[in-house]
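The structure under discussion appears below in the form of structure tokens.
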Amino acid sequence: MVFEMNYWLFKSEPDVYGIDHLAAEPLQQCRWDGIRNYQARNFLRDKVQVGDQVLFYHSSCPRPGMAGVMEVVKAAYPDPAQFDLESDYFDPKATQDKPQWYAVDVKLRKKFARHLPLSALKAHPDLKDMMLFRQGRLSVVPVTMAEWQTIESMVKG
DNA sequence: GCCAACGTTGGC
DNA sequence: GCCAACGTTGGC
């Protein structure tokens, strides 16, 4: 099997769980859970693999944009929260045999020295086709290698 | 707080 | 299966 690394963008609200929360975890690692959208679920379950690189995007906040980079360290497994009656993410339709929702584990790779705001991304001509803009509400979004490289250069520049 | 975009639900 | 109503996301 040919190993193909993929690039992604995962959204989170920094008030709820931002990049500094991840940085404060014991191994700077966490479970990316609570995804309750079918398209995002399908990406997580079927496409996201160990070694994939992930942009940490802060949404629904005063300064939406990219905060850093994570790496996938564990591929999709059933999100335990769907079975947890106490959880906001409990789903009565989910069973152990037929889980509805999946999670992956991610590890912090780097926090950007400078936050890269959404406004800068929107202004860059090479990023005009980003799926982030076309499907604004999707919380797990593919990023192309070209887009990734553009973003890397913006972070350095 | 407003609003656009879009996903979900439920009646038929 | 269609579609209206409603809910949620997320930028501004």
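Residues are referred to by chain and number: the chain letter is A, B, ... according to the order shown in the structure tokens, the number counts from 1 in that chain, and ligands are numbered separately from 1 in the order shown.
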
Counting only C-alpha atoms (C1' of nucleotides), which residues from chain A have an atom at most 9 Å from any atom of chain C, and could you show them as a PyMOL selection string?
-> chain A and resi 59-61+64+136-138

Produce a file of the selected residues containing all heavy atoms, as a PDB file, in the first residue's frame.
```pdb
ATOM      1  N   SER A  59     -12.471  28.803  15.778  1.00  0.00           N
ATOM      2  CA  SER A  59     -13.719  29.334  15.197  1.00  0.00           C
ATOM      3  C   SER A  59     -14.591  29.984  16.272  1.00  0.00           C
ATOM      4  O   SER A  59     -14.381  29.775  17.469  1.00  0.00           O
ATOM      5  CB  SER A  59     -14.497  28.203  14.514  1.00  0.00           C
ATOM      6  OG  SER A  59     -14.947  27.272  15.467  1.00  0.00           O
ATOM      7  N   SER A  60     -15.591  30.736  15.787  1.00  0.00           N
ATOM      8  CA  SER A  60     -16.567  31.383  16.686  1.00  0.00           C
ATOM      9  C   SER A  60     -15.893  32.144  17.815  1.00  0.00           C
ATOM     10  O   SER A  60     -16.187  31.927  18.986  1.00  0.00           O
ATOM     11  CB  SER A  60     -17.516  30.333  17.274  1.00  0.00           C
ATOM     12  OG  SER A  60     -18.256  29.723  16.264  1.00  0.00           O
ATOM     13  N   CYS A  61     -15.005  33.013  17.441  1.00  0.00           N
ATOM     14  CA  CYS A  61     -14.242  33.763  18.441  1.00  0.00           C
ATOM     15  C   CYS A  61     -13.874  35.118  17.827  1.00  0.00           C
ATOM     16  O   CYS A  61     -14.076  35.328  16.636  1.00  0.00           O
ATOM     17  CB  CYS A  61     -12.994  32.975  18.829  1.00  0.00           C
ATOM     18  SG  CYS A  61     -11.921  32.576  17.431  1.00  0.00           S
ATOM     19  N   PRO A  64     -10.966  34.616  14.439  1.00  0.00           N
ATOM     20  CA  PRO A  64     -10.950  33.291  13.821  1.00  0.00           C
ATOM     21  C   PRO A  64      -9.714  33.123  12.942  1.00  0.00           C
ATOM     22  O   PRO A  64      -9.284  34.072  12.283  1.00  0.00           O
ATOM     23  CB  PRO A  64     -12.225  33.264  12.982  1.00  0.00           C
ATOM     24  CG  PRO A  64     -12.609  34.688  12.789  1.00  0.00           C
ATOM     25  CD  PRO A  64     -12.093  35.437  13.965  1.00  0.00           C
ATOM     26  N   GLY A 136     -18.393  26.478   4.797  1.00  0.00           N
ATOM     27  CA  GLY A 136     -18.026  27.155   6.013  1.00  0.00           C
ATOM     28  C   GLY A 136     -18.397  26.443   7.297  1.00  0.00           C
ATOM     29  O   GLY A 136     -17.818  26.708   8.337  1.00  0.00           O
ATOM     30  N   ARG A 137     -19.374  25.582   7.226  1.00  0.00           N
ATOM     31  CA  ARG A 137     -19.864  24.992   8.470  1.00  0.00           C
ATOM     32  C   ARG A 137     -19.252  23.639   8.783  1.00  0.00           C
ATOM     33  O   ARG A 137     -19.547  23.050   9.813  1.00  0.00           O
ATOM     34  CB  ARG A 137     -21.382  24.885   8.421  1.00  0.00           C
ATOM     35  CG  ARG A 137     -22.043  26.226   8.277  1.00  0.00           C
ATOM     36  CD  ARG A 137     -23.518  26.089   8.197  1.00  0.00           C
ATOM     37  NE  ARG A 137     -24.018  25.373   9.362  1.00  0.00           N
ATOM     38  CZ  ARG A 137     -25.157  24.714   9.389  1.00  0.00           C
ATOM     39  NH1 ARG A 137     -25.902  24.684   8.340  1.00  0.00           N
ATOM     40  NH2 ARG A 137     -25.537  24.102  10.473  1.00  0.00           N
ATOM     41  N   LEU A 138     -18.425  23.140   7.885  1.00  0.00           N
ATOM     42  CA  LEU A 138     -17.809  21.835   8.096  1.00  0.00           C
ATOM     43  C   LEU A 138     -16.654  21.956   9.096  1.00  0.00           C
ATOM     44  O   LEU A 138     -15.821  22.842   8.964  1.00  0.00           O
ATOM     45  CB  LEU A 138     -17.312  21.319   6.744  1.00  0.00           C
ATOM     46  CG  LEU A 138     -17.024  19.832   6.591  1.00  0.00           C
ATOM     47  CD1 LEU A 138     -18.224  18.984   6.969  1.00  0.00           C
ATOM     48  CD2 LEU A 138     -16.598  19.556   5.155  1.00  0.00           C
TER      49      LEU A 138
END
```

Residues within 12 Å of Asp88 (chain A), only C-alpha atoms (C1' of nucleotides), excluding chain neighbours under 4 positions, as a list in words | Asp33, Gly34, Ile35, Arg36, Pro80, Ala81, Gln82, Phe83, Asp84 and Pro92 of chain A

Print the selection's residues with N, CA and C atoms to a file, as a PDB file, in the first residue's frame.
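Once everything was written out, this is out-v1.pdb:
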```pdb
ATOM      1  N   ASP A  33     -12.916  14.648  19.593  1.00  0.00           N
ATOM      2  CA  ASP A  33     -14.214  13.969  19.638  1.00  0.00           C
ATOM      3  C   ASP A  33     -15.351  14.971  19.501  1.00  0.00           C
ATOM      4  N   GLY A  34     -16.557  14.465  19.595  1.00  0.00           N
ATOM      5  CA  GLY A  34     -17.724  15.328  19.535  1.00  0.00           C
ATOM      6  C   GLY A  34     -18.104  15.768  18.131  1.00  0.00           C
ATOM      7  N   ILE A  35     -17.521  15.139  17.123  1.00  0.00           N
ATOM      8  CA  ILE A  35     -17.900  15.462  15.740  1.00  0.00           C
ATOM      9  C   ILE A  35     -19.253  14.813  15.455  1.00  0.00           C
ATOM     10  N   ARG A  36     -20.253  15.656  15.169  1.00  0.00           N
ATOM     11  CA  ARG A  36     -21.622  15.149  14.979  1.00  0.00           C
ATOM     12  C   ARG A  36     -22.207  15.676  13.670  1.00  0.00           C
ATOM     13  N   PRO A  80     -16.278   7.493  22.290  1.00  0.00           N
ATOM     14  CA  PRO A  80     -16.932   6.953  23.490  1.00  0.00           C
ATOM     15  C   PRO A  80     -18.094   7.813  23.968  1.00  0.00           C
ATOM     16  N   ALA A  81     -18.061   9.082  23.678  1.00  0.00           N
ATOM     17  CA  ALA A  81     -19.104   9.989  24.178  1.00  0.00           C
ATOM     18  C   ALA A  81     -20.499   9.618  23.667  1.00  0.00           C
ATOM     19  N   GLN A  82     -20.563   8.979  22.504  1.00  0.00           N
ATOM     20  CA  GLN A  82     -21.883   8.625  21.960  1.00  0.00           C
ATOM     21  C   GLN A  82     -22.613   7.595  22.833  1.00  0.00           C
ATOM     22  N   PHE A  83     -21.858   6.841  23.662  1.00  0.00           N
ATOM     23  CA  PHE A  83     -22.461   5.823  24.531  1.00  0.00           C
ATOM     24  C   PHE A  83     -22.675   6.324  25.950  1.00  0.00           C
ATOM     25  N   ASP A  84     -22.265   7.550  26.207  1.00  0.00           N
ATOM     26  CA  ASP A  84     -22.254   8.082  27.565  1.00  0.00           C
ATOM     27  C   ASP A  84     -23.501   8.928  27.821  1.00  0.00           C
ATOM     28  N   PRO A  92     -28.637   8.183  21.205  1.00  0.00           N
ATOM     29  CA  PRO A  92     -29.405   6.959  21.490  1.00  0.00           C
ATOM     30  C   PRO A  92     -29.402   5.967  20.318  1.00  0.00           C
TER      31      PRO A  92
END
```

If you count only C-alpha atoms (C1' of nucleotides), which residues fall within 12 Å of Ser153 (chain A), apart from same-chain ones fewer than 6 positions away, as number ranges by chain?
-> A: 112, 116, 121, 124, 126, 146-147

Take the selection from the previous step and output its residues with N, CA, C and O atoms, as an mmCIF file, in the first residue's frame.
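again_30.cif, written as the output of this step:
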```cif
data_model
loop_
_atom_site.group_PDB
_atom_site.id
_atom_site.type_symbol
_atom_site.label_atom_id
_atom_site.label_comp_id
_atom_site.auth_asym_id
_atom_site.auth_seq_id
_atom_site.Cartn_x
_atom_site.Cartn_y
_atom_site.Cartn_z
ATOM 1 N N PHE A 112 1.683 28.276 16.187
ATOM 2 C CA PHE A 112 2.245 29.342 15.370
ATOM 3 C C PHE A 112 2.709 30.508 16.244
ATOM 4 O O PHE A 112 2.007 30.900 17.187
ATOM 5 N N LEU A 116 -2.581 33.149 12.537
ATOM 6 C CA LEU A 116 -2.824 33.457 11.125
ATOM 7 C C LEU A 116 -4.321 33.657 10.918
ATOM 8 O O LEU A 116 -5.091 32.700 10.880
ATOM 9 N N LEU A 121 -6.086 34.664 5.200
ATOM 10 C CA LEU A 121 -6.313 33.502 4.332
ATOM 11 C C LEU A 121 -7.216 33.899 3.167
ATOM 12 O O LEU A 121 -6.970 33.541 2.018
ATOM 13 N N HIS A 124 -5.533 35.847 0.358
ATOM 14 C CA HIS A 124 -4.474 35.236 -0.449
ATOM 15 C C HIS A 124 -5.054 34.549 -1.689
ATOM 16 O O HIS A 124 -5.875 33.646 -1.566
ATOM 17 N N ASP A 126 -3.937 32.349 -3.719
ATOM 18 C CA ASP A 126 -3.717 30.900 -3.841
ATOM 19 C C ASP A 126 -4.624 30.074 -2.934
ATOM 20 O O ASP A 126 -4.640 28.852 -3.016
ATOM 21 N N ALA A 146 -0.878 21.992 -1.902
ATOM 22 C CA ALA A 146 -0.527 23.343 -2.353
ATOM 23 C C ALA A 146 -0.996 24.389 -1.343
ATOM 24 O O ALA A 146 -0.263 25.332 -1.017
ATOM 25 N N GLU A 147 -2.213 24.195 -0.845
ATOM 26 C CA GLU A 147 -2.741 25.135 0.150
ATOM 27 C C GLU A 147 -1.914 25.079 1.431
ATOM 28 O O GLU A 147 -1.613 26.112 2.045
#
```

Give the helix (DSSP H, G or I) residues of chain A, as assigned by DSSP on the backbone, as a count of residues only.
-> 48

Taking the DSSP assignment computed from this structure's backbone, write out as a PyMOL selection string all residues of chain A that belong to strand (DSSP E).
-> chain A and resi 7-12+29-32+53-58+65-78+102-117+140-143
